[in-house]
Amino acid sequence: MEVFLLVLLFVFLIYVKNAIDSKLDKIEDRLEDKIDEKFKELHKKIDDLKTIEKLPEKPIVVPEETKPKVVPEELKPSVVIEKTEPLIFIPVEKEITEEKTGKIVFSMDNVSAPKVQPKPEPKVYVREEPSKTFWENFRENNPDLEKFIGENLINKIGILILVLGISYFVKYAIDKDWINEPARVGIGMLSGALIMGVAHKLRKKYAAFSSVFVAGAIAVFYFTIGIAFHSYHLFGQTTAFIIMVLITIFSCLISLSYDRKELAVLSLIGGFAVPFMVSTGQGNYVVLFTYILILNIGILALAYHKKWGIINILSYLFTVILFGAWLFKDLDEKTPHFLGALGFGFAFYLVFIAINIINNLRTKGLFSPIELGILASNTFLFYGAGMLVLEQYHPELKGLFTAALGLLNFGYAWFLYKKFGLDKTAVYLLVGLTLTFITLAIPIQFEGNFITLFWGAEAVMLMWLGQKSKITYYRFASIIVHFLMMGSLLMDWSQIYMSTATLNIVFNKICLTGIFAVASLFAVYYLLKNEDEELEQFGFIFNPKKYRKSLRGIGIITSYFVGLFEVGFQANTNVNGANSAITLPVLYHLIFSAALFYGLCKSKKTIRYQLASIIAVVNIVLFAFSFSNYAFYEHEQYITTGVHQRIGFYLHYISLLITLFFGYQLYKINKENPVFELFKKKIVIWIAAFFIIYLASTELMLHGLVFSNSPVTAQDIQSSTLYKLSEPTFIREQLASDSIQATRTQIIKTGFPILWGILAFVFLIVGIRKHIKNLRIIALSLLGMTILKLFLFDISNASETGKIIAFILLGVLILIISFVYQKIKVLVQDDNKPKETDETK
């Protein structure tokens, strides 16, 4: 077990060391590559110069002429050389392309070399390179694989093998009882000291290499003392604790001396692991957190000298995890330690504020996003811990605690800015935290919807103050408060609407609170109506246009849910029967959707037409396959229980009208310029015809059931064959189901053929008048399907009256359709012909 833990620790150390050394190797390799490239470019330029200066073996000589020849203008070259002395032409290696159009003219007045018009350089198009794989990046950063293995990898493997060899030797000696327990501990400490000595000898010339040995030595020290305490019991818990603390202090000093970040990380991990190494299972939180506090004060001293962000992050995470785990466990005990939790939490809060700002105060540096994140999260985590403790300890102090924390942030922000010149970004963050906690303080003293009302009013006030004072962070504060208001509203909904309390219709506290929240959103929208300038604060950008659009969308969605929850709550409270009650929220949904649809259609923008089309399609589908079913469920309940209630049936007429309104408006929007590519395709006509047939069939079935069935009576139950064998409730349900099923079958066999025949006739007439060929095909397809259904399914087991009516009416419709086709077949033929154009005329 000891060997395994040692191997595990060294694997981690090698990984950290490898990351540091690889960066140094990358820098060195890049410098060498750049030097090699420069030398290659220099040698290439020298070779080019030698090639140009080289003379030909047999120069071409032009004989002297006393008089220059007269050359016609059209035959003169472009370069003129007027020289009676012999000319030597030096051949140029570069090829001259035949694309030149300029003339070469020789003249004896000039001895200069022929001038050639330079060729324009071609345009270079740079293609974006694809992302590189891990292996490609590795080869680019380590071009010399041998060097990487020899200088960067071998040392890690070597120290690991050395430690493993020593560990296996010691284990073998222990198994053979060659070494007693105190000697084993002595060998471990001596091995660590020897490794540390080797590291010290190598530190000047091989700093990176020696740090690996230091890490191994410290690991040996930790595990040796841990084994001596737990396994061999050579000394008590206090002694082991003191020794490990000394090892931690020693490792911190070594990390500063070597100036190696990875050693500091090792020291930190070892320091936080010490309590667990010497733990006996009987925890004392005072001793534990006192030690953690002392350790963090040491990290504070380290942070003053070195800006090692990873140290601050790790110490913060370890402390939060340890304190948080203890706090949640302690609060579940019978006697929690309230004062101890508040005291240590406040101490850790102050220490981590100092750790994250002390180096920036000393160097006048800027805060990184990670440091600002730790500052903010440190405050909120302490606030959360304090609220958890006060919830059980003194709930009446929660508001005072919140206000005090806000004033504390403002106090030390002002002090550090005035005395030490703290970075303004951190100052703004702390001021923002102050505003946040002051905002929280007052509502915390109240309950329920008062918090939502306060935040809604404050969000409007902060935005108005931001406009008047020109202070940017007021606007960001308004955004934060609005988010808090929405969260509080959600909690109000869950607490009040999920209860069994009785509320007045609309004029109750939760509904009015929701209306006030919506008014707050649209009030800020109105304040920003004429603003377009972007503002920046805390590294964030405030865009009035985008925020205005967001407020409008959130306001519409919130108003929808305010009404939906109120209607649903009142329906469940005041209407008997779940199927009847749910039809009221359904109707509200359709009315709200229709109003939103109408508002979107008033604007002529394409994006709003698209959104309106989506709303229409979604609601048509919902009504066809979901909303229309509630009237059927209500009828089944009526047949089974005998409770006469037709709320869902009567309200479904309004829902049907709204659905037809959606369909008609959807047709108008997409008639000339379809907003989606799908609406340009022919399949849309088939889909629309399907919904018309489906809705008409559903309405026929509903009205047939409503006007045909009657409730099951006690006499029906007594006359049933199951009366003496089953419970009355089961018999009632069975009789109601049989009655409804019989009526459904009769409507399907006799009513549907007639209805579909009428629809086929209507589709045919409209298709002929509007010259829509697909609609005529749909009519004929529906008619053919009706005929097949009639002969293959409906004719069996149908009543004589139903057969007579269905056959007569369907026969008449088929004859009428045939007559219409014969009467106006010219129109159909003309519609199939290609339209005549000016050219064909």
# chains A, B, ... in the order shown; residues from 1 in each chain; ligands from 1

call {"tool": "residues_around", "arguments": {"residues": "Gln665 in chain A", "least_positions_apart": "4", "cutoff": "9 Å", "atoms": "only C-alpha atoms", "output": "PyMOL selection string"}}
result
chain A and resi 613+616+660-661+669-670

call {"tool": "residues_around", "arguments": {"residues": "range 528-532 of chain A", "least_positions_apart": "5", "cutoff": "10 Å", "atoms": "only C-alpha atoms", "output": "ChimeraX atom specification"}}
result
/A:463-464,467,522-523,543-548

call {"tool": "select_by_dssp", "arguments": {"residues": "range 363-586 of chain A", "states": "strand (DSSP E)", "output": "ChimeraX atom specification"}}
result
/A:535-537,540-542

call {"tool": "write_last_selection", "arguments": {"atoms": "N, CA, C and O atoms", "output": "short mmCIF file (atom, residue, chain, number, x, y, z; two decimals), in the first residue's frame"}}
result
data_model
loop_
_atom_site.label_atom_id
_atom_site.label_comp_id
_atom_site.auth_asym_id
_atom_site.auth_seq_id
_atom_site.Cartn_x
_atom_site.Cartn_y
_atom_site.Cartn_z
N LEU A 535 -22.78 50.78 -23.42
CA LEU A 535 -21.98 51.17 -22.26
C LEU A 535 -21.23 49.95 -21.75
O LEU A 535 -21.71 48.81 -21.88
N GLU A 536 -20.06 50.18 -21.14
CA GLU A 536 -19.23 49.09 -20.66
C GLU A 536 -18.92 49.29 -19.18
O GLU A 536 -18.63 50.40 -18.74
N GLN A 537 -18.97 48.20 -18.42
CA GLN A 537 -18.65 48.23 -16.99
C GLN A 537 -18.27 46.82 -16.56
O GLN A 537 -18.90 45.85 -16.99
N PHE A 540 -18.14 44.04 -18.99
CA PHE A 540 -19.38 43.66 -19.68
C PHE A 540 -19.90 44.85 -20.47
O PHE A 540 -19.68 46.00 -20.11
N ILE A 541 -20.63 44.56 -21.55
CA ILE A 541 -21.18 45.60 -22.41
C ILE A 541 -22.69 45.61 -22.25
O ILE A 541 -23.35 44.56 -22.33
N PHE A 542 -23.24 46.80 -22.00
CA PHE A 542 -24.68 46.98 -21.89
C PHE A 542 -25.20 47.51 -23.23
O PHE A 542 -24.89 48.63 -23.62
#

call {"tool": "select_by_dssp", "arguments": {"residues": "range 533-591 of chain A", "states": "alpha helix (DSSP H)", "output": "JSON, numbers by chain"}}
result
{"A": [544, 545, 546, 547, 548, 549, 550, 551, 552, 553, 554, 555, 556, 557, 558, 559, 560, 561, 562, 563, 564, 565, 566, 567, 568, 569, 570, 571, 572, 573, 574, 578, 579, 580, 581, 583, 584, 585, 586, 587, 588, 589, 590, 591]}

call {"tool": "write_last_selection", "arguments": {"atoms": "N, CA and C atoms", "output": "compact mmCIF listing (two decimals), in the first residue's frame"}}
result
# COMPACT_ATOMS: atom_id res chain seq x y z
N PRO A 544 -28.45 48.63 -25.08
CA PRO A 544 -29.86 48.94 -24.81
C PRO A 544 -30.82 48.26 -25.77
N LYS A 545 -30.44 48.14 -27.05
CA LYS A 545 -31.34 47.53 -28.03
C LYS A 545 -31.60 46.07 -27.69
N LYS A 546 -30.52 45.32 -27.45
CA LYS A 546 -30.68 43.90 -27.15
C LYS A 546 -31.41 43.69 -25.83
N TYR A 547 -31.07 44.52 -24.82
CA TYR A 547 -31.74 44.36 -23.53
C TYR A 547 -33.22 44.72 -23.64
N ARG A 548 -33.51 45.71 -24.46
CA ARG A 548 -34.91 46.09 -24.66
C ARG A 548 -35.70 44.94 -25.29
N LYS A 549 -35.11 44.30 -26.29
CA LYS A 549 -35.78 43.15 -26.91
C LYS A 549 -35.95 42.01 -25.91
N SER A 550 -34.92 41.80 -25.08
CA SER A 550 -35.01 40.74 -24.07
C SER A 550 -36.13 41.02 -23.08
N LEU A 551 -36.24 42.28 -22.65
CA LEU A 551 -37.31 42.65 -21.71
C LEU A 551 -38.68 42.41 -22.32
N ARG A 552 -38.82 42.76 -23.60
CA ARG A 552 -40.12 42.55 -24.25
C ARG A 552 -40.47 41.07 -24.31
N GLY A 553 -39.50 40.23 -24.69
CA GLY A 553 -39.76 38.79 -24.74
C GLY A 553 -40.07 38.21 -23.37
N ILE A 554 -39.27 38.59 -22.36
CA ILE A 554 -39.50 38.08 -21.00
C ILE A 554 -40.83 38.59 -20.45
N GLY A 555 -41.18 39.84 -20.78
CA GLY A 555 -42.46 40.39 -20.33
C GLY A 555 -43.65 39.65 -20.91
N ILE A 556 -43.57 39.31 -22.20
CA ILE A 556 -44.67 38.58 -22.85
C ILE A 556 -44.80 37.18 -22.25
N ILE A 557 -43.66 36.50 -22.07
CA ILE A 557 -43.70 35.15 -21.51
C ILE A 557 -44.22 35.17 -20.08
N THR A 558 -43.77 36.16 -19.30
CA THR A 558 -44.22 36.24 -17.90
C THR A 558 -45.72 36.53 -17.83
N SER A 559 -46.20 37.44 -18.66
CA SER A 559 -47.64 37.75 -18.65
C SER A 559 -48.46 36.53 -19.05
N TYR A 560 -47.94 35.71 -19.96
CA TYR A 560 -48.65 34.48 -20.34
C TYR A 560 -48.80 33.54 -19.14
N PHE A 561 -47.71 33.35 -18.40
CA PHE A 561 -47.77 32.42 -17.26
C PHE A 561 -48.56 33.01 -16.09
N VAL A 562 -48.54 34.33 -15.93
CA VAL A 562 -49.35 34.94 -14.88
C VAL A 562 -50.82 34.60 -15.08
N GLY A 563 -51.31 34.78 -16.31
CA GLY A 563 -52.70 34.46 -16.60
C GLY A 563 -52.98 32.96 -16.58
N LEU A 564 -52.04 32.17 -17.11
CA LEU A 564 -52.26 30.72 -17.19
C LEU A 564 -52.37 30.10 -15.80
N PHE A 565 -51.47 30.48 -14.88
CA PHE A 565 -51.52 29.93 -13.53
C PHE A 565 -52.78 30.37 -12.80
N GLU A 566 -53.18 31.62 -12.99
CA GLU A 566 -54.39 32.11 -12.32
C GLU A 566 -55.63 31.39 -12.85
N VAL A 567 -55.76 31.26 -14.16
CA VAL A 567 -56.92 30.57 -14.74
C VAL A 567 -56.94 29.10 -14.33
N GLY A 568 -55.76 28.46 -14.37
CA GLY A 568 -55.71 27.05 -13.98
C GLY A 568 -56.07 26.84 -12.52
N PHE A 569 -55.56 27.72 -11.63
CA PHE A 569 -55.87 27.58 -10.21
C PHE A 569 -57.36 27.78 -9.95
N GLN A 570 -57.94 28.82 -10.53
CA GLN A 570 -59.37 29.08 -10.31
C GLN A 570 -60.25 28.00 -10.92
N ALA A 571 -59.84 27.45 -12.07
CA ALA A 571 -60.64 26.39 -12.69
C ALA A 571 -60.63 25.13 -11.83
N ASN A 572 -59.46 24.76 -11.32
CA ASN A 572 -59.39 23.57 -10.46
C ASN A 572 -60.14 23.76 -9.15
N THR A 573 -60.23 25.01 -8.71
CA THR A 573 -60.90 25.29 -7.43
C THR A 573 -62.42 25.34 -7.59
N ASN A 574 -62.91 25.91 -8.69
CA ASN A 574 -64.33 26.21 -8.83
C ASN A 574 -65.09 25.33 -9.81
N ALA A 578 -61.93 17.19 -13.60
CA ALA A 578 -60.65 17.65 -14.14
C ALA A 578 -60.72 17.92 -15.63
N ASN A 579 -61.48 17.10 -16.38
CA ASN A 579 -61.56 17.28 -17.83
C ASN A 579 -62.30 18.56 -18.21
N SER A 580 -63.25 18.95 -17.40
CA SER A 580 -63.95 20.22 -17.65
C SER A 580 -63.09 21.39 -17.23
N ALA A 581 -62.35 21.25 -16.11
CA ALA A 581 -61.54 22.35 -15.60
C ALA A 581 -60.38 22.69 -16.54
N THR A 583 -60.23 22.67 -19.67
CA THR A 583 -60.60 23.37 -20.90
C THR A 583 -60.49 24.90 -20.73
N LEU A 584 -60.55 25.41 -19.51
CA LEU A 584 -60.40 26.85 -19.30
C LEU A 584 -58.96 27.31 -19.54
N PRO A 585 -57.92 26.66 -18.98
CA PRO A 585 -56.55 27.06 -19.36
C PRO A 585 -56.26 26.86 -20.84
N VAL A 586 -56.87 25.84 -21.45
CA VAL A 586 -56.68 25.64 -22.90
C VAL A 586 -57.23 26.81 -23.69
N LEU A 587 -58.44 27.26 -23.30
CA LEU A 587 -59.03 28.40 -23.98
C LEU A 587 -58.20 29.66 -23.77
N TYR A 588 -57.68 29.85 -22.54
CA TYR A 588 -56.81 31.01 -22.27
C TYR A 588 -55.57 30.97 -23.16
N HIS A 589 -54.99 29.78 -23.28
CA HIS A 589 -53.79 29.64 -24.12
C HIS A 589 -54.08 30.05 -25.56
N LEU A 590 -55.19 29.60 -26.09
CA LEU A 590 -55.52 29.92 -27.48
C LEU A 590 -55.82 31.41 -27.66
N ILE A 591 -56.52 32.00 -26.70
CA ILE A 591 -56.82 33.44 -26.80
C ILE A 591 -55.53 34.26 -26.72

call {"tool": "atom_distance", "arguments": {"atom1": "CA of Ile510 in chain A", "atom2": "CA of Leu453 in chain A"}}
result
10.4 Å

call {"tool": "residues_around", "arguments": {"residues": "Leu390 in chain A", "least_positions_apart": "4", "cutoff": "10 Å", "atoms": "only C-alpha atoms", "output": "VMD selection string"}}
result
chain A and resid 338 to 339 342 384 to 386 394 to 398 401

call {"tool": "residues_around", "arguments": {"residues": "Ile693 in chain A", "least_positions_apart": "6", "cutoff": "9 Å", "atoms": "only C-alpha atoms", "output": "JSON, numbers by chain"}}
result
{"A": [755, 756, 759]}

call {"tool": "residues_around", "arguments": {"residues": "range 673-676 of chain A", "least_positions_apart": "4", "cutoff": "12 Å", "atoms": "only C-alpha atoms", "output": "PyMOL selection string"}}
result
chain A and resi 604-614+666-669+680-681+684

call {"tool": "write_last_selection", "arguments": {"atoms": "N, CA and C atoms", "output": "short mmCIF file (atom, residue, chain, number, x, y, z; two decimals), in the first residue's frame"}}
result
data_model
loop_
_atom_site.label_atom_id
_atom_site.label_comp_id
_atom_site.auth_asym_id
_atom_site.auth_seq_id
_atom_site.Cartn_x
_atom_site.Cartn_y
_atom_site.Cartn_z
N LYS A 604 -44.89 44.38 -40.55
CA LYS A 604 -44.66 43.81 -41.87
C LYS A 604 -43.29 43.14 -41.99
N LYS A 605 -42.61 42.91 -40.88
CA LYS A 605 -41.27 42.31 -40.93
C LYS A 605 -41.38 40.80 -41.15
N THR A 606 -40.43 40.30 -41.93
CA THR A 606 -40.45 38.88 -42.27
C THR A 606 -40.26 38.00 -41.03
N ILE A 607 -39.36 38.41 -40.15
CA ILE A 607 -39.08 37.60 -38.98
C ILE A 607 -40.32 37.46 -38.09
N ARG A 608 -41.13 38.50 -38.05
CA ARG A 608 -42.36 38.41 -37.23
C ARG A 608 -43.42 37.57 -37.93
N TYR A 609 -43.47 37.65 -39.25
CA TYR A 609 -44.37 36.76 -40.00
C TYR A 609 -43.98 35.30 -39.78
N GLN A 610 -42.69 35.04 -39.75
CA GLN A 610 -42.24 33.67 -39.50
C GLN A 610 -42.64 33.19 -38.12
N LEU A 611 -42.44 34.04 -37.12
CA LEU A 611 -42.84 33.67 -35.76
C LEU A 611 -44.35 33.47 -35.66
N ALA A 612 -45.11 34.35 -36.31
CA ALA A 612 -46.57 34.20 -36.31
C ALA A 612 -47.00 32.90 -36.98
N SER A 613 -46.33 32.53 -38.07
CA SER A 613 -46.66 31.27 -38.76
C SER A 613 -46.38 30.08 -37.86
N ILE A 614 -45.28 30.12 -37.13
CA ILE A 614 -44.95 29.02 -36.22
C ILE A 614 -46.02 28.90 -35.13
N LEU A 666 -52.99 32.10 -41.54
CA LEU A 666 -51.78 31.45 -42.05
C LEU A 666 -51.82 31.38 -43.58
N TYR A 667 -52.99 31.11 -44.13
CA TYR A 667 -53.15 31.09 -45.60
C TYR A 667 -52.92 32.49 -46.19
N LYS A 668 -53.45 33.53 -45.53
CA LYS A 668 -53.28 34.89 -46.04
C LYS A 668 -51.82 35.34 -46.00
N ILE A 669 -51.11 35.00 -44.92
CA ILE A 669 -49.72 35.43 -44.79
C ILE A 669 -48.84 34.81 -45.87
N LYS A 680 -43.81 26.69 -49.88
CA LYS A 680 -43.81 26.76 -51.34
C LYS A 680 -44.02 25.39 -51.99
N LYS A 681 -43.93 24.34 -51.19
CA LYS A 681 -44.03 22.99 -51.74
C LYS A 681 -45.49 22.54 -51.83
N VAL A 684 -47.83 20.99 -48.89
CA VAL A 684 -48.56 21.80 -47.92
C VAL A 684 -50.07 21.70 -48.15
#

call {"tool": "residues_around", "arguments": {"residues": "Val621 in chain A", "least_positions_apart": "6", "cutoff": "10 Å", "atoms": "only C-alpha atoms", "output": "short mmCIF file (atom, residue, chain, number, x, y, z; two decimals) with N, CA, C and O atoms, in the first residue's frame"}}
result
data_model
loop_
_atom_site.label_atom_id
_atom_site.label_comp_id
_atom_site.auth_asym_id
_atom_site.auth_seq_id
_atom_site.Cartn_x
_atom_site.Cartn_y
_atom_site.Cartn_z
N PHE A 627 -56.11 19.31 -27.64
CA PHE A 627 -57.15 20.12 -26.99
C PHE A 627 -58.55 19.63 -27.30
O PHE A 627 -59.43 19.70 -26.43
N THR A 659 -58.95 28.31 -33.80
CA THR A 659 -58.11 27.45 -34.65
C THR A 659 -58.36 27.73 -36.12
O THR A 659 -57.41 27.79 -36.93
N PHE A 691 -55.76 18.18 -42.30
CA PHE A 691 -56.26 18.78 -41.07
C PHE A 691 -57.73 19.17 -41.20
O PHE A 691 -58.50 19.05 -40.23
#

call {"tool": "atom_distance", "arguments": {"atom1": "CA of Lys671 in chain A", "atom2": "CA of Leu656 in chain A"}}
result
22.3 Å

call {"tool": "residues_around", "arguments": {"residues": "range 405-412 of chain A", "least_positions_apart": "6", "cutoff": "12 Å", "atoms": "only C-alpha atoms", "output": "NGL selection string"}}
result
:A and (346 or 349-350 or 353-354 or 357 or 375-376 or 378-384 or 386-387 or 398-399 or 418-420 or 422 or 426-441)

call {"tool": "atom_distance", "arguments": {"atom1": "CA of Gly648 in chain A", "atom2": "CA of Ser737 in chain A"}}
result
19.6 Å
